[in-house]
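Q: Sharing a structure, written as structure tokens. Questions coming.
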Amino acid sequence: EVQLVQSGIEVKKPGESLKISCQASGYTFATYWIGWVRQMPGKGLEWMGIIYPGDSDTRYSPSFQGQVTMSADKSITTAYLQLTTLKASDTAIYYCARRIVWENHNWFDHWGQGTQVIVSS
Amino acid sequence: DIQMTQSPSSLSASVGDRVTITCRASQNINNYLHWYQQRPGKAPKLLIYAASTLQSGVPSRFSGRGSGTEFTLSISNLQPEDFATYYCQQSYTTLFSFGPGTKVDVK
């Protein structure tokens, strides 16, 4: 069974940094892209970027380029999303999801449970 | 960038109803369009990929149609667990933009 299990709720102060984890199981981690999606309170889904754990190839949405860093550790089948210099506007739920690529189509077929991030002084 | 819109932004329905949600793209995206359901407090769930193919395990009351710039998601015989927010997502470009969502709530 494919599973993506994310790290727990984070409460941070402005200016701090954090790293969210997404541990995968039930499939060959290195051969599927992992995407990250942000959902601000009461809002819709925003695609942040994707990473290929096999070689750490990364593609960022222009909206998040330079604001976040994605990484992956194949040895422990875990992907990471790092946010630095946090602001109140980073308060959101962050999801990881497995990307499927098929005949030039691609979609996200399995999702983590989400990590709530609260940034408040 | 490809902009995605959805209509309506919300709708009220009753159990047993048939509902249809429309997603439009700002340019031709062929059938590179996917639908997700998000129940309150839960992660999104893939319903339909490539505009009309039902994801394994998704009930057949869900169906998707469309190509080019206009797509629809229909739910027949609405069930209590279907009250949720529905998002479309394009993958014609690697920017993978989502629509703003359509909330289906109880009439």
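Going by the structure tokens order, chains are called A, B, ..., each with residues numbered from 1, while ligands are numbered from 1 in the order shown.
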Counting only C-alpha atoms, what is within 12 Å of Thr85 of chain A, bar same-chain residues fewer than 4 positions away, as a list in words?
A: Lys12, Lys13, Pro14, Gly15, Glu16, Ser17, Leu18, Lys19, Gly66, Gln67, Val68, Ser89, Asp90 and Val119 of chain A
Q: Applying 7 Å and only C-alpha atoms, which residues near Glu46 of chain A remain after dropping the ones on its own chain fewer than 5 positions away? List them as a count of residues only.
A: 4
Q: Please find the residues of chain A near chain B - the criterion being any atom within 7 Å, counting only C-alpha atoms - and write them as a tab-separated table (two decimals) with N, CA and C atoms, in the first residue's frame.
A:
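After the write, iface14.tsv holds the following:
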chain	number	residue	atom	x	y	z
A	44	GLY	N	-7.56	27.73	-1.52
A	44	GLY	CA	-7.39	26.59	-2.41
A	44	GLY	C	-5.98	26.04	-2.41
A	45	LEU	N	-5.74	25.17	-3.38
A	45	LEU	CA	-4.47	24.46	-3.48
A	45	LEU	C	-3.51	25.21	-4.40
A	46	GLU	N	-2.26	25.31	-3.96
A	46	GLU	CA	-1.22	25.97	-4.76
A	46	GLU	C	-0.05	25.01	-4.93
A	47	TRP	N	0.29	24.73	-6.19
A	47	TRP	CA	1.42	23.86	-6.44
A	47	TRP	C	2.72	24.61	-6.24
A	61	SER	N	7.71	26.09	-8.73
A	61	SER	CA	6.79	27.09	-9.25
A	61	SER	C	7.46	28.46	-9.13
A	105	HIS	N	0.86	12.80	-19.59
A	105	HIS	CA	-0.01	13.28	-18.51
A	105	HIS	C	0.74	13.17	-17.19
A	106	ASN	N	0.41	13.99	-16.26
A	106	ASN	CA	0.88	13.75	-14.90
A	106	ASN	C	-0.09	14.33	-13.89
A	107	TRP	N	-0.26	13.59	-12.82
A	107	TRP	CA	-1.19	13.96	-11.76
A	107	TRP	C	-0.65	13.43	-10.44
A	108	PHE	N	-1.33	13.77	-9.35
A	108	PHE	CA	-0.89	13.35	-8.01
A	108	PHE	C	-1.87	12.30	-7.49
A	109	ASP	N	-1.40	11.07	-7.35
A	109	ASP	CA	-2.33	9.98	-7.02
A	109	ASP	C	-2.39	9.63	-5.54
A	111	TRP	N	-1.51	11.23	-1.54
A	111	TRP	CA	-1.18	12.45	-0.82
A	111	TRP	C	-0.83	12.13	0.64
A	112	GLY	N	0.08	12.93	1.20
A	112	GLY	CA	0.30	12.87	2.64
A	112	GLY	C	-0.88	13.50	3.37
A	113	GLN	N	-0.87	13.36	4.67
A	113	GLN	CA	-1.99	13.84	5.48
A	113	GLN	C	-1.93	15.36	5.70
A	114	GLY	N	-0.83	15.97	5.32
A	114	GLY	CA	-0.67	17.40	5.49
A	114	GLY	C	0.07	17.75	6.77
Q: So which residues touch Asp105 of chain B within 10 Å, counting only C-alpha atoms, skipping near sequence neighbours fewer than 5 positions away, as an MDAnalysis selection string?
A: chainID B and resid 10:14 80 82:85
Q: I'd like the interatomic distance between atom CA of Arg59 of chain A and atom CA of Trp33 of chain A, to a tenth of an Å.
A: 10.2 Å
Q: Step one, run DSSP on the backbone; step two, keep only residues of segment 9-99 of chain A assigned to helix (DSSP H, G or I); then write them as a count of residues only.
A: 9
Q: Could you tell me how far atom CA of Ser67 of chain B lies from atom CA of Asp1 of chain B, in Å and to one decimal?
A: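 For atom CA of Ser67 of chain B relative to atom CA of Asp1 of chain B, the distance reads 18.4 Å.
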Q: Restricting the calculation to only C-alpha atoms, which member of A:Ser121, A:Thr84, A:Thr77, A:Asn104 is positioned closest to Ile29 of chain B?
A: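 Among the listed residues, the smallest separation from Ile29 of chain B belongs to A:Asn104.
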Q: Given the choices A:Gly35, A:Trp102, A:Gly49, A:Met70, which gets closest to Leu83 of chain A if the distance is worked out from only C-alpha atoms?
A: A:Met70
Q: Rounded to one decimal in Å, what is the spacing between atom CA of Leu78 of chain B and atom CA of Val19 of chain B?
A: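 Taking atom CA of Leu78 of chain B as the start and atom CA of Val19 of chain B as the end point, the length is 7.6 Å.
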Q: Tell me which protein, DNA and RNA residues are within 6 Å of Thr72 of chain B, counting only C-alpha atoms, leaving out same-chain ones fewer than 5 positions away, and put them as a list in words.
A: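 The contact residues come out as Ile21, Thr22, Gly64 and Arg65 of chain B.
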Q: Determine which residues of chain A receive a DSSP assignment of strand (DSSP E or B), computed from the backbone, and state them as an MDAnalysis selection string.
A: chainID A and resid 3:6 10:12 18:25 34:39 45:52 57:60 68:73 78:83 92:102 105:111 115:119
Q: Limited to C-alpha atoms, could you put the picked residues into a file as an mmCIF file, in the first residue's frame?
A:
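Result written to out_2.cif:
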data_model
loop_
_atom_site.group_PDB
_atom_site.id
_atom_site.type_symbol
_atom_site.label_atom_id
_atom_site.label_comp_id
_atom_site.auth_asym_id
_atom_site.auth_seq_id
_atom_site.Cartn_x
_atom_site.Cartn_y
_atom_site.Cartn_z
ATOM 1 C CA GLN A 3 1.663 5.730 1.972
ATOM 2 C CA LEU A 4 3.051 9.221 2.475
ATOM 3 C CA VAL A 5 3.374 10.167 6.136
ATOM 4 C CA GLN A 6 4.236 13.742 6.982
ATOM 5 C CA GLU A 10 4.817 23.118 13.635
ATOM 6 C CA VAL A 11 4.467 26.352 15.589
ATOM 7 C CA LYS A 12 7.176 28.861 14.782
ATOM 8 C CA LEU A 18 11.600 24.749 9.498
ATOM 9 C CA LYS A 19 11.879 21.515 7.544
ATOM 10 C CA ILE A 20 8.824 19.361 6.891
ATOM 11 C CA SER A 21 9.312 15.674 6.129
ATOM 12 C CA CYS A 22 7.306 13.270 3.995
ATOM 13 C CA GLN A 23 8.181 9.601 4.429
ATOM 14 C CA ALA A 24 7.120 7.293 1.633
ATOM 15 C CA SER A 25 6.457 3.577 1.710
ATOM 16 C CA ILE A 34 7.149 14.047 -5.180
ATOM 17 C CA GLY A 35 5.229 17.305 -5.312
ATOM 18 C CA TRP A 36 4.501 19.865 -2.620
ATOM 19 C CA VAL A 37 1.247 21.809 -2.364
ATOM 20 C CA ARG A 38 0.338 24.672 -0.070
ATOM 21 C CA GLN A 39 -3.121 25.425 1.276
ATOM 22 C CA LEU A 45 -4.467 24.457 -3.483
ATOM 23 C CA GLU A 46 -1.217 25.973 -4.758
ATOM 24 C CA TRP A 47 1.418 23.857 -6.441
ATOM 25 C CA MET A 48 4.867 24.690 -5.060
ATOM 26 C CA GLY A 49 7.208 22.376 -6.919
ATOM 27 C CA ILE A 50 8.362 18.835 -7.498
ATOM 28 C CA ILE A 51 11.458 16.769 -6.795
ATOM 29 C CA TYR A 52 12.692 13.525 -8.302
ATOM 30 C CA ASP A 57 16.145 17.047 -9.899
ATOM 31 C CA THR A 58 13.883 19.850 -8.735
ATOM 32 C CA ARG A 59 11.377 22.148 -10.450
ATOM 33 C CA TYR A 60 9.871 25.056 -8.562
ATOM 34 C CA VAL A 68 11.549 27.190 -0.366
ATOM 35 C CA THR A 69 13.987 24.317 -0.822
ATOM 36 C CA MET A 70 13.027 20.769 -1.668
ATOM 37 C CA SER A 71 15.278 17.812 -0.988
ATOM 38 C CA ALA A 72 15.101 14.046 -0.678
ATOM 39 C CA ASP A 73 17.016 11.236 1.035
ATOM 40 C CA THR A 78 11.906 10.736 2.748
ATOM 41 C CA ALA A 79 11.310 14.026 0.983
ATOM 42 C CA TYR A 80 11.694 17.387 2.664
ATOM 43 C CA LEU A 81 10.378 20.899 2.272
ATOM 44 C CA GLN A 82 12.413 23.637 3.907
ATOM 45 C CA LEU A 83 11.070 27.103 4.575
ATOM 46 C CA ALA A 92 -0.744 27.061 5.959
ATOM 47 C CA ILE A 93 -1.108 23.332 5.531
ATOM 48 C CA TYR A 94 1.591 21.825 3.364
ATOM 49 C CA TYR A 95 0.951 18.568 1.507
ATOM 50 C CA CYS A 96 3.312 16.198 -0.229
ATOM 51 C CA ALA A 97 1.967 14.025 -3.032
ATOM 52 C CA ARG A 98 3.281 11.380 -5.414
ATOM 53 C CA ARG A 99 3.317 12.385 -9.046
ATOM 54 C CA ILE A 100 2.311 9.904 -11.717
ATOM 55 C CA VAL A 101 3.619 10.392 -15.253
ATOM 56 C CA TRP A 102 1.765 8.580 -18.054
ATOM 57 C CA HIS A 105 -0.010 13.285 -18.513
ATOM 58 C CA ASN A 106 0.882 13.752 -14.897
ATOM 59 C CA TRP A 107 -1.193 13.958 -11.757
ATOM 60 C CA PHE A 108 -0.893 13.346 -8.014
ATOM 61 C CA ASP A 109 -2.329 9.985 -7.019
ATOM 62 C CA HIS A 110 -1.380 9.665 -3.343
ATOM 63 C CA TRP A 111 -1.177 12.450 -0.816
ATOM 64 C CA THR A 115 1.520 19.353 7.910
ATOM 65 C CA GLN A 116 0.004 22.347 9.649
ATOM 66 C CA VAL A 117 2.442 25.235 9.994
ATOM 67 C CA ILE A 118 1.574 28.159 12.245
ATOM 68 C CA VAL A 119 3.788 31.227 12.256
#
Q: Which residue, B:Lys103, B:Arg18, B:Arg39, B:Arg61, has the smallest gap to Gln6 of chain B when you use only C-alpha atoms?
A: B:Lys103
Q: From the options B:Thr69, B:Ser60, B:Lys107, B:Gln37, which residue's atoms come nearest to Glu81 of chain B, counting only C-alpha atoms?
A: B:Gln37
Q: Write out as a list in words each polymer residue whose atoms come within 7 Å of Ile2 of chain B, counting only C-alpha atoms; drop sequence neighbours fewer than 4 positions from it.
A: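 The residues that qualify are Ala25, Ser26 and Gln27 of chain B.
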Q: Using only C-alpha atoms for the distances, tell me which of B:Thr20, B:Thr53, B:Gln3, B:Ser9 is nearest to Ile75 of chain B.
A: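 Among B:Thr20, B:Thr53, B:Gln3, B:Ser9, it is B:Thr20 that comes nearest to Ile75 of chain B.
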